[in-house]
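> PDB, C-alpha atoms, saved as run.pdb, coming up:
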```
ATOM      1  CA  MET A   1     -65.557 147.378 184.194
ATOM      2  CA  ALA A   2     -65.234 143.909 182.641
ATOM      3  CA  THR A   3     -63.547 145.394 179.548
ATOM      4  CA  GLN A   4     -61.095 147.313 181.743
ATOM      5  CA  GLN A   5     -60.106 144.139 183.640
ATOM      6  CA  GLU A   6     -59.656 142.240 180.374
ATOM      7  CA  ASP A   7     -57.217 144.914 179.197
ATOM      8  CA  GLU A   8     -55.173 144.710 182.403
ATOM      9  CA  GLU A   9     -52.034 142.630 182.764
ATOM     10  CA  LYS A  10     -51.486 140.484 185.836
ATOM     11  CA  ALA A  11     -48.121 140.458 187.572
ATOM     12  CA  LEU A  12     -46.332 138.173 190.009
ATOM     13  CA  VAL A  13     -43.321 139.159 192.092
ATOM     14  CA  ILE A  14     -41.347 136.373 193.749
ATOM     15  CA  TRP A  15     -38.880 137.780 196.250
ATOM     16  CA  SER A  16     -36.139 135.591 197.727
ATOM     17  CA  ILE A  17     -35.784 137.615 200.879
ATOM     18  CA  ILE A  18     -32.808 135.611 202.119
ATOM     19  CA  ASN A  19     -30.834 136.462 198.949
ATOM     20  CA  CYS A  20     -32.044 140.066 198.756
ATOM     21  CA  PRO A  21     -32.830 141.117 202.338
ATOM     22  CA  ILE A  22     -34.169 144.513 203.344
ATOM     23  CA  PRO A  23     -31.173 146.763 204.138
ATOM     24  CA  ASP A  24     -30.776 148.046 207.676
ATOM     25  CA  GLY A  25     -32.702 151.247 208.202
ATOM     26  CA  HIS A  26     -35.098 150.682 205.305
ATOM     27  CA  ASP A  27     -38.801 150.726 206.117
ATOM     28  CA  PRO A  28     -40.345 147.302 205.227
ATOM     29  CA  CYS A  29     -43.657 149.041 204.509
ATOM     30  CA  LEU A  30     -42.033 150.831 201.548
ATOM     31  CA  VAL A  31     -41.142 147.610 199.712
ATOM     32  CA  VAL A  32     -44.574 147.277 198.102
ATOM     33  CA  PRO A  33     -44.741 150.845 196.663
ATOM     34  CA  ARG A  34     -41.131 150.524 195.419
ATOM     35  CA  ILE A  35     -42.021 147.302 193.577
ATOM     36  CA  GLN A  36     -45.128 148.953 192.146
ATOM     37  CA  THR A  37     -43.000 151.862 190.909
ATOM     38  CA  ALA A  38     -40.511 149.506 189.243
ATOM     39  CA  LEU A  39     -43.312 147.666 187.463
ATOM     40  CA  GLU A  40     -44.984 150.848 186.260
ATOM     41  CA  LYS A  41     -41.722 152.191 184.829
ATOM     42  CA  SER A  42     -41.122 148.976 182.897
ATOM     43  CA  ARG A  43     -44.666 148.204 181.737
ATOM     44  CA  ARG A  44     -45.783 147.788 178.169
ATOM     45  CA  ASP A  45     -48.940 149.209 176.558
ATOM     46  CA  ARG A  46     -51.332 147.298 178.807
ATOM     47  CA  PRO A  47     -51.798 148.709 182.339
ATOM     48  CA  TYR A  48     -51.090 146.433 185.267
ATOM     49  CA  GLY A  49     -53.972 145.153 187.359
ATOM     50  CA  PRO A  50     -53.782 142.408 190.017
ATOM     51  CA  LEU A  51     -50.318 142.173 191.575
ATOM     52  CA  SER A  52     -49.210 139.311 193.828
ATOM     53  CA  ILE A  53     -45.982 139.480 195.839
ATOM     54  CA  ILE A  54     -44.545 136.402 197.569
ATOM     55  CA  ALA A  55     -41.583 136.679 199.954
ATOM     56  CA  ILE A  56     -39.727 133.354 200.159
ATOM     57  CA  SER A  57     -37.034 132.212 202.574
ATOM     58  CA  ASN A  58     -35.886 129.005 204.230
ATOM     59  CA  ASN A  59     -35.366 130.881 207.506
ATOM     60  CA  LEU A  60     -38.054 133.552 207.772
ATOM     61  CA  THR A  61     -37.890 133.840 211.564
ATOM     62  CA  GLU A  62     -34.260 134.986 211.267
ATOM     63  CA  ILE A  63     -34.285 136.770 207.885
ATOM     64  CA  PRO A  64     -36.182 139.060 207.941
ATOM     65  CA  GLY A  65     -37.372 138.216 211.495
ATOM     66  CA  GLU A  66     -40.847 138.087 212.988
ATOM     67  CA  ASP A  67     -41.382 141.856 213.339
ATOM     68  CA  VAL A  68     -40.525 142.544 209.706
ATOM     69  CA  MET A  69     -42.569 139.500 208.616
ATOM     70  CA  ARG A  70     -45.608 140.988 210.321
ATOM     71  CA  LYS A  71     -45.138 144.351 208.569
ATOM     72  CA  LEU A  72     -44.702 142.709 205.166
ATOM     73  CA  SER A  73     -47.777 140.567 205.730
ATOM     74  CA  SER A  74     -49.880 143.554 206.761
ATOM     75  CA  ALA A  75     -48.730 145.314 203.576
ATOM     76  CA  GLY A  76     -50.218 142.500 201.483
ATOM     77  CA  ILE A  77     -47.144 140.361 200.820
ATOM     78  CA  SER A  78     -47.560 136.583 201.049
ATOM     79  CA  LEU A  79     -44.974 134.738 203.146
ATOM     80  CA  LYS A  80     -43.705 131.284 202.237
ATOM     81  CA  HIS A  81     -41.132 128.987 203.762
ATOM     82  CA  ALA A  82     -39.326 127.369 200.827
ATOM     83  CA  HIS A  83     -35.819 126.769 199.523
ATOM     84  CA  ARG A  84     -36.346 127.743 195.879
ATOM     85  CA  VAL A  85     -38.623 130.008 193.869
ATOM     86  CA  HIS A  86     -39.314 127.976 190.722
ATOM     87  CA  THR A  87     -42.382 126.078 192.031
ATOM     88  CA  ASP A  88     -44.374 129.270 192.575
ATOM     89  CA  MET A  89     -43.584 130.489 189.072
ATOM     90  CA  TYR A  90     -44.967 127.303 187.530
ATOM     91  CA  GLN A  91     -48.081 127.288 189.721
ATOM     92  CA  TRP A  92     -48.885 130.942 189.026
ATOM     93  CA  ALA A  93     -48.260 130.570 185.279
ATOM     94  CA  ARG A  94     -50.703 127.653 185.100
ATOM     95  CA  ARG A  95     -53.431 129.827 186.627
ATOM     96  CA  ASN A  96     -52.552 133.035 184.778
ATOM     97  CA  PRO A  97     -51.993 132.700 181.019
ATOM     98  CA  PRO A  98     -49.982 135.319 179.115
ATOM     99  CA  PRO A  99     -49.719 138.170 178.527
ATOM    100  CA  ALA A 100     -48.512 138.547 182.103
ATOM    101  CA  THR A 101     -45.371 139.673 183.924
ATOM    102  CA  ILE A 102     -43.196 137.725 186.368
ATOM    103  CA  MET A 103     -40.557 139.577 188.376
ATOM    104  CA  VAL A 104     -38.029 137.530 190.339
ATOM    105  CA  ILE A 105     -35.898 139.176 193.031
ATOM    106  CA  SER A 106     -33.044 136.901 194.069
ATOM    107  CA  GLY A 107     -29.317 136.297 194.093
ATOM    108  CA  HIS A 108     -27.129 135.966 191.029
ATOM    109  CA  GLY A 109     -26.590 132.215 191.466
ATOM    110  CA  GLU A 110     -30.250 131.264 191.723
ATOM    111  CA  LEU A 111     -31.275 133.464 188.803
ATOM    112  CA  GLU A 112     -28.554 131.978 186.621
ATOM    113  CA  SER A 113     -29.693 128.451 187.501
ATOM    114  CA  LEU A 114     -33.214 129.346 186.314
ATOM    115  CA  ALA A 115     -32.112 130.627 182.894
ATOM    116  CA  SER A 116     -33.831 127.803 181.000
ATOM    117  CA  THR A 117     -37.043 128.296 183.025
ATOM    118  CA  PHE A 118     -37.094 132.003 182.214
ATOM    119  CA  SER A 119     -36.479 131.244 178.556
ATOM    120  CA  GLY A 120     -39.382 128.776 178.460
ATOM    121  CA  LEU A 121     -41.785 131.215 180.119
ATOM    122  CA  LYS A 122     -40.656 134.026 177.820
ATOM    123  CA  ASN A 123     -41.295 131.870 174.759
ATOM    124  CA  LYS A 124     -44.854 131.276 175.999
ATOM    125  CA  GLY A 125     -45.498 135.016 176.142
ATOM    126  CA  TYR A 126     -44.622 135.935 179.726
ATOM    127  CA  ARG A 127     -42.568 139.027 180.404
ATOM    128  CA  ILE A 128     -39.662 138.280 182.743
ATOM    129  CA  LEU A 129     -38.069 140.971 184.921
ATOM    130  CA  LEU A 130     -35.115 140.181 187.165
ATOM    131  CA  THR A 131     -33.780 142.058 190.183
ATOM    132  CA  TYR A 132     -30.507 141.311 191.969
ATOM    133  CA  HIS A 133     -27.682 143.006 193.857
ATOM    134  CA  GLN A 134     -25.669 145.713 192.139
ATOM    135  CA  ARG A 135     -22.439 144.021 193.262
ATOM    136  CA  ASP A 136     -23.257 140.881 191.240
ATOM    137  CA  PRO A 137     -22.094 140.459 187.639
ATOM    138  CA  VAL A 138     -24.534 141.603 184.964
ATOM    139  CA  LEU A 139     -26.531 138.648 183.640
ATOM    140  CA  ALA A 140     -26.313 139.507 179.955
ATOM    141  CA  SER A 141     -27.843 136.176 178.891
ATOM    142  CA  LEU A 142     -30.981 136.680 181.002
ATOM    143  CA  PRO A 143     -34.049 138.936 180.563
ATOM    144  CA  LYS A 144     -34.349 142.605 181.482
ATOM    145  CA  HIS A 145     -33.075 143.412 184.941
ATOM    146  CA  CYS A 146     -32.706 146.118 187.558
ATOM    147  CA  PHE A 147     -30.671 146.308 190.731
ATOM    148  CA  TRP A 148     -32.214 145.646 194.142
ATOM    149  CA  GLU A 149     -30.601 148.758 195.613
ATOM    150  CA  THR A 150     -31.995 150.915 192.787
ATOM    151  CA  LEU A 151     -35.488 149.486 193.203
ATOM    152  CA  LEU A 152     -35.574 150.244 196.930
ATOM    153  CA  SER A 153     -34.272 153.805 196.519
ATOM    154  CA  ASP A 154     -36.567 154.830 193.657
ATOM    155  CA  ALA A 155     -39.218 156.951 195.365
ATOM    156  CA  ASP A 156     -41.229 158.487 192.524
ATOM    157  CA  ASN A 157     -44.194 159.995 194.325
ATOM    158  CA  ASN A 158     -45.583 161.508 191.121
ATOM    159  CA  LEU A 159     -45.989 158.124 189.416
ATOM    160  CA  GLU A 160     -49.495 156.726 189.631
ATOM    161  CA  THR A 161     -49.867 152.957 189.789
ATOM    162  CA  THR A 162     -52.710 150.887 188.395
ATOM    163  CA  THR A 163     -51.763 147.727 190.284
ATOM    164  CA  ARG A 164     -54.110 146.215 192.849
ATOM    165  CA  LEU A 165     -52.308 144.139 195.435
ATOM    166  CA  VAL A 166     -53.905 140.705 195.882
ATOM    167  CA  PHE A 167     -52.847 137.537 197.625
ATOM    168  CA  PRO A 168     -52.057 134.801 195.103
ATOM    169  CA  TYR A 169     -53.863 132.224 197.260
ATOM    170  CA  ARG A 170     -57.037 132.792 199.190
ATOM    171  CA  LEU A 171     -58.695 130.466 201.686
ATOM    172  CA  ASP A 172     -62.124 131.846 200.793
ATOM    173  CA  HIS A 173     -61.598 130.762 197.180
ATOM    174  CA  GLY A 174     -61.654 127.141 198.285
ATOM    175  CA  THR A 175     -58.092 126.413 197.152
ATOM    176  CA  GLY A 176     -56.949 125.095 200.518
ATOM    177  CA  GLU A 177     -54.020 127.511 200.390
ATOM    178  CA  SER A 178     -53.246 130.719 202.237
ATOM    179  CA  PRO A 179     -50.910 133.755 202.221
ATOM    180  CA  TRP A 180     -48.810 131.989 204.888
ATOM    181  CA  SER A 181     -47.490 128.628 203.763
ATOM    182  CA  CYS A 182     -44.692 126.122 204.306
ATOM    183  CA  SER A 183     -43.713 124.055 201.270
ATOM    184  CA  ILE A 184     -41.593 121.660 203.358
ATOM    185  CA  CYS A 185     -44.476 120.550 205.575
ATOM    186  CA  HIS A 186     -47.243 121.206 203.000
ATOM    187  CA  TYR A 187     -48.876 123.447 205.590
ATOM    188  CA  ASP A 188     -51.198 126.394 204.887
ATOM    189  CA  ALA A 189     -51.704 128.559 207.954
ATOM    190  CA  PRO A 190     -55.072 130.194 208.707
ATOM    191  CA  SER A 191     -53.343 133.236 210.256
ATOM    192  CA  PHE A 192     -49.979 134.948 210.629
ATOM    193  CA  GLU A 193     -49.755 133.855 214.256
ATOM    194  CA  ASP A 194     -50.330 130.205 213.318
ATOM    195  CA  PHE A 195     -47.680 130.504 210.614
ATOM    196  CA  THR A 196     -44.958 131.824 212.924
ATOM    197  CA  LYS A 197     -45.904 129.227 215.534
ATOM    198  CA  HIS A 198     -45.514 126.479 212.935
ATOM    199  CA  LEU A 199     -42.045 127.692 211.903
ATOM    200  CA  LYS A 200     -40.889 127.297 215.504
ATOM    201  CA  CYS A 201     -42.406 123.863 216.152
ATOM    202  CA  GLU A 202     -40.624 120.506 216.249
ATOM    203  CA  THR A 203     -42.676 119.077 213.382
ATOM    204  CA  HIS A 204     -41.313 121.750 211.057
ATOM    205  CA  ALA A 205     -37.786 121.251 212.405
ATOM    206  CA  TYR A 206     -38.005 117.506 211.816
ATOM    207  CA  PHE A 207     -39.192 117.783 208.195
ATOM    208  CA  GLU A 208     -36.447 120.333 207.500
ATOM    209  CA  TRP A 209     -33.909 117.843 208.854
ATOM    210  CA  ASP A 210     -35.540 115.003 206.929
ATOM    211  CA  MET A 211     -35.146 116.908 203.656
ATOM    212  CA  TYR A 212     -31.503 117.613 204.487
ATOM    213  CA  ALA A 213     -30.946 113.937 205.345
ATOM    214  CA  SER A 214     -32.522 112.843 202.079
ATOM    215  CA  LYS A 215     -30.303 115.144 200.022
ATOM    216  CA  ASN A 216     -27.198 113.918 201.846
ATOM    217  CA  ASN A 217     -28.083 110.192 201.663
ATOM    218  CA  VAL A 218     -28.368 109.756 205.433
ATOM    219  CA  ASP A 219     -29.592 106.261 206.349
ATOM    220  CA  ARG A 220     -32.864 107.020 208.155
ATOM    221  CA  THR A 221     -33.453 103.359 209.017
ATOM    222  CA  ASN A 222     -30.526 103.543 211.457
ATOM    223  CA  PRO A 223     -31.655 104.876 214.887
ATOM    224  CA  ALA A 224     -28.171 106.266 215.489
ATOM    225  CA  ASN A 225     -28.718 108.823 212.699
ATOM    226  CA  LEU A 226     -32.106 110.119 213.866
ATOM    227  CA  GLN A 227     -31.087 112.489 216.705
ATOM    228  CA  LEU A 228     -33.499 110.704 219.063
ATOM    229  CA  GLY A 229     -34.076 112.278 222.459
ATOM    230  CA  ARG A 230     -34.449 115.801 221.120
ATOM    231  CA  SER A 231     -38.169 115.964 221.983
ATOM    232  CA  GLN A 232     -41.187 113.689 222.244
ATOM    233  CA  GLU A 233     -42.668 115.100 219.040
ATOM    234  CA  TRP A 234     -39.378 114.646 217.143
ATOM    235  CA  ASP A 235     -38.935 111.076 218.383
ATOM    236  CA  LEU A 236     -42.457 110.107 217.330
ATOM    237  CA  LEU A 237     -41.984 111.433 213.783
ATOM    238  CA  ALA A 238     -38.495 109.968 213.442
ATOM    239  CA  LYS A 239     -39.513 106.490 214.650
ATOM    240  CA  GLU A 240     -42.609 106.396 212.423
ATOM    241  CA  SER A 241     -40.478 107.370 209.456
ATOM    242  CA  MET A 242     -37.822 104.790 210.354
ATOM    243  CA  LEU A 243     -40.394 101.970 210.571
ATOM    244  CA  TYR A 244     -41.966 103.000 207.282
ATOM    245  CA  ARG A 245     -38.637 103.123 205.449
ATOM    246  CA  SER A 246     -37.550  99.811 206.964
ATOM    247  CA  ALA A 247     -40.764  98.156 205.756
ATOM    248  CA  ILE A 248     -40.329  99.603 202.265
ATOM    249  CA  ARG A 249     -36.737  98.368 202.157
ATOM    250  CA  LYS A 250     -37.856  94.831 203.092
ATOM    251  CA  LEU A 251     -40.576  94.857 200.428
ATOM    252  CA  ARG A 252     -38.130  95.971 197.804
ATOM    253  CA  GLY A 253     -35.794  93.172 198.815
ATOM    254  CA  ALA A 254     -38.559  90.551 198.696
ATOM    255  CA  PHE A 255     -39.732  91.535 195.232
ATOM    256  CA  ALA A 256     -36.370  92.400 193.737
ATOM    257  CA  PRO A 257     -35.603  90.491 190.503
ATOM    258  CA  PRO A 258     -32.930  87.788 190.738
ATOM    259  CA  LYS A 259     -29.430  88.894 189.944
ATOM    260  CA  ARG A 260     -28.284  87.920 186.502
ATOM    261  CA  SER A 261     -24.893  86.432 185.878
ATOM    262  CA  LYS A 262     -22.644  88.588 183.792
ATOM    263  CA  MET A 263     -22.470  87.642 180.129
ATOM    264  CA  TRP A 264     -19.407  88.575 178.201
ATOM    265  CA  VAL A 265     -19.910  89.190 174.499
ATOM    266  CA  ASP A 266     -17.177  89.174 171.907
ATOM    267  CA  ALA A 267     -17.508  92.450 170.057
ATOM    268  CA  THR A 268     -16.236  90.862 166.872
ATOM    269  CA  THR A 269     -19.052  88.261 166.774
ATOM    270  CA  PHE A 270     -21.934  90.353 168.225
ATOM    271  CA  LYS A 271     -24.771  90.892 165.747
TER     272      LYS A 271
END
```
Take the structure in this file and express it as structure tokens.

Amino acid sequence: MATQQEDEEKALVIWSIINCPIPDGHDPCLVVPRIQTALEKSRRDRPYGPLSIIAISNNLTEIPGEDVMRKLSSAGISLKHAHRVHTDMYQWARRNPPPATIMVISGHGELESLASTFSGLKNKGYRILLTYHQRDPVLASLPKHCFWETLLSDADNNLETTTRLVFPYRLDHGTGESPWSCSICHYDAPSFEDFTKHLKCETHAYFEWDMYASKNNVDRTNPANLQLGRSQEWDLLAKESMLYRSAIRKLRGAFAPPKRSKMWVDATTFK
């Protein structure tokens, strides 16, 4: 048994569900077997063993929605609130040395932006498989690919799979992580119900706004910019953050080095 597991190849599938949503009328419970079929048809000499699938979106309660989320979760797919997929690739690669396979299902733009990441992982020995919409331009400069529509429609019932679906993070392994996580709030939910409740709470909404404000250089020491009055929970978080940033700004000002007077140097005499 130990020899068999040593000969197996691990696989990770990161699925940006907001860029490649499940088409209307398609059964969410069929996503896992379709992914398993795609992996089996593209595998090398080593059979696949443990397979982890993570569905990522920055708006899971809308795309795919809570009912579909529940079906995907019950099928063994991890759910994560995040804006990009690259962090999970790095974390999984650190825990799972090559040879191993990483499949990324996402939109053309995100995959193209990760070209250097894919190249680095490929050079280390990882096999990279990409899946995106058929309507998008072919990414000739990137690794082997297939189309999302083709993957979902490929029902090969005669193909046996060797993959064993596992969650990439397990609470009982003492990692402090779970199959339901929010990267914005650094929150790992103990259950699906707790996860969906978190995505609807004001704490999550505030930290989403805070990230947006940071990216857009919003002055969060100015009360006028904090949307105060939205809720008691929001106001508490916003005011604590404002006081903290104001204190940091004062400290930086107190310990800032004195401004130097400009010195003009004649380029003809500079040595």
> Here is a test: counting all atoms listed in the file, which residue of A:Ser57, A:Phe195, A:Thr162, A:Arg230 is nearest to A:Arg84?
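For A:Arg84, the nearest of the candidates is A:Ser57.
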> Skip A:Gly125 itself and residues of its chain fewer than 4 positions away, then list as number ranges by chain all residues within 9 Å of it, counting only C-alpha atoms.
A: 97-100, 121
> Counting all atoms listed in the file, find the residues whose atoms lie at most 12 Å from (-26.9, 138.7, 194.0) (file coordinates) and write them out as JSON, numbers by chain.
{"A": [16, 17, 18, 19, 20, 21, 104, 105, 106, 107, 108, 109, 110, 111, 112, 130, 131, 132, 133, 134, 135, 136, 137, 138, 139, 145, 146, 147, 148, 149]}
> With a distance cut-off of 9 Å and only C-alpha atoms, select the neighbouring residues of stretch 242-255 of chain A, excluding the residue or stretch itself and same-chain residues fewer than 6 positions from it, and output the selection as a list in words.
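Final neighbour list, sorted by chain and number: Arg220, Thr221, Asn222, Pro223 and Leu226 of chain A.
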> If you keep C-alpha atoms, can you produce a file of those selected residues as a PDB file, in the coordinates of the input?

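The resulting file, part_16.pdb, is shown below:
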```
ATOM      1  CA  ARG A 220     -32.864 107.020 208.155  1.00  0.00           C
ATOM      2  CA  THR A 221     -33.453 103.359 209.017  1.00  0.00           C
ATOM      3  CA  ASN A 222     -30.526 103.543 211.457  1.00  0.00           C
ATOM      4  CA  PRO A 223     -31.655 104.876 214.887  1.00  0.00           C
ATOM      5  CA  LEU A 226     -32.106 110.119 213.866  1.00  0.00           C
TER       6      LEU A 226
END
```
> How far is it from atom CA of A:Arg164 to atom CA of A:Pro64, in Å with one decimal?
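These two atoms are separated by 24.5 Å.
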> Written as a list in words, what is the full residue list that the PyMOL selection byres ((chain A and resi 188) around 6) yields on the file shown?
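Written out, the selection comes to Glu177, Ser178, Ser181, Tyr187 and Ala189 of chain A.
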> Just the residues within 12 Å of A:Pro179, please, counting only C-alpha atoms, with nothing from its chain fewer than 6 positions along; format it as a PyMOL selection string.
chain A and resi 52-56+69+72-81+166-172+187-192+194-195
> Which residues are close to A:Lys200, i.e. within 12 Å by all atoms listed in the file, leaving aside same-chain residues fewer than 5 positions away? Reply as a PyMOL selection string.
chain A and resi 59-62+66+81+182+193-195+205-206+208
> Could you write out as AutoDock Vina command-line options the box around stretch 177-183 of chain A (axis-aligned, all atoms listed in the file, 8 Å on each side), with centre and edge lengths in Å to one decimal?

```
--center_x -48.9 --center_y 128.9 --center_z 202.6 --size_x 26.3 --size_y 25.7 --size_z 20.5
```
> For the file shown, report as a list in words the outcome of the PyMOL selection byres ((chain A and resi 38-45) around 9) at residue level.
Ala11, Pro33, Arg34, Ile35, Gln36, Thr37, Arg46, Pro47, Tyr48, Thr101, Met103, Leu129, Cys146, Leu151, Asp154, Leu159, Glu160, Thr161, Thr162 and Thr163 of chain A
> Just give me the gap between atom CA of A:Thr203 and atom CA of A:Glu240 in Å, one decimal is fine.
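Between atom CA of A:Thr203 and atom CA of A:Glu240 the gap works out to 12.7 Å.
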> Atom CA of A:Leu152 and atom CA of A:Val31, how far apart in Å?
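The value is 6.8 Å.
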> With distances taken over only C-alpha atoms, which of A:Arg94, A:His198, A:His26, A:Lys124 is nearest to A:Ser153?
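Ranked by minimum distance to A:Ser153, first place goes to A:His26.
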> Go through A:Lys10, A:His83, A:Lys71, A:His186 and flag the residue nearest A:Ile102, using only C-alpha atoms for the distances.
A:Lys10
> Restricting the calculation to all atoms listed in the file: of A:His86, A:Trp92, A:Ile14, A:Asp210, which residue gets closest to A:Ser116?
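Nearest candidate to A:Ser116 out of A:His86, A:Trp92, A:Ile14, A:Asp210: A:His86.
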> Using only C-alpha atoms, pick whichever of A:Ala82, A:Ile63, A:Cys29, A:Ala213 has the shortest atom-to-atom distance to A:Cys185.
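Of the candidates, the smallest distance to A:Cys185 is held by A:Ala82.
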> Of the candidates A:Asn96, A:Glu202, A:Pro23, A:Gly120, which one gets nearest to A:Asp235 if we count all atoms listed in the file?
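Result for the nearest residue to A:Asp235: A:Glu202.
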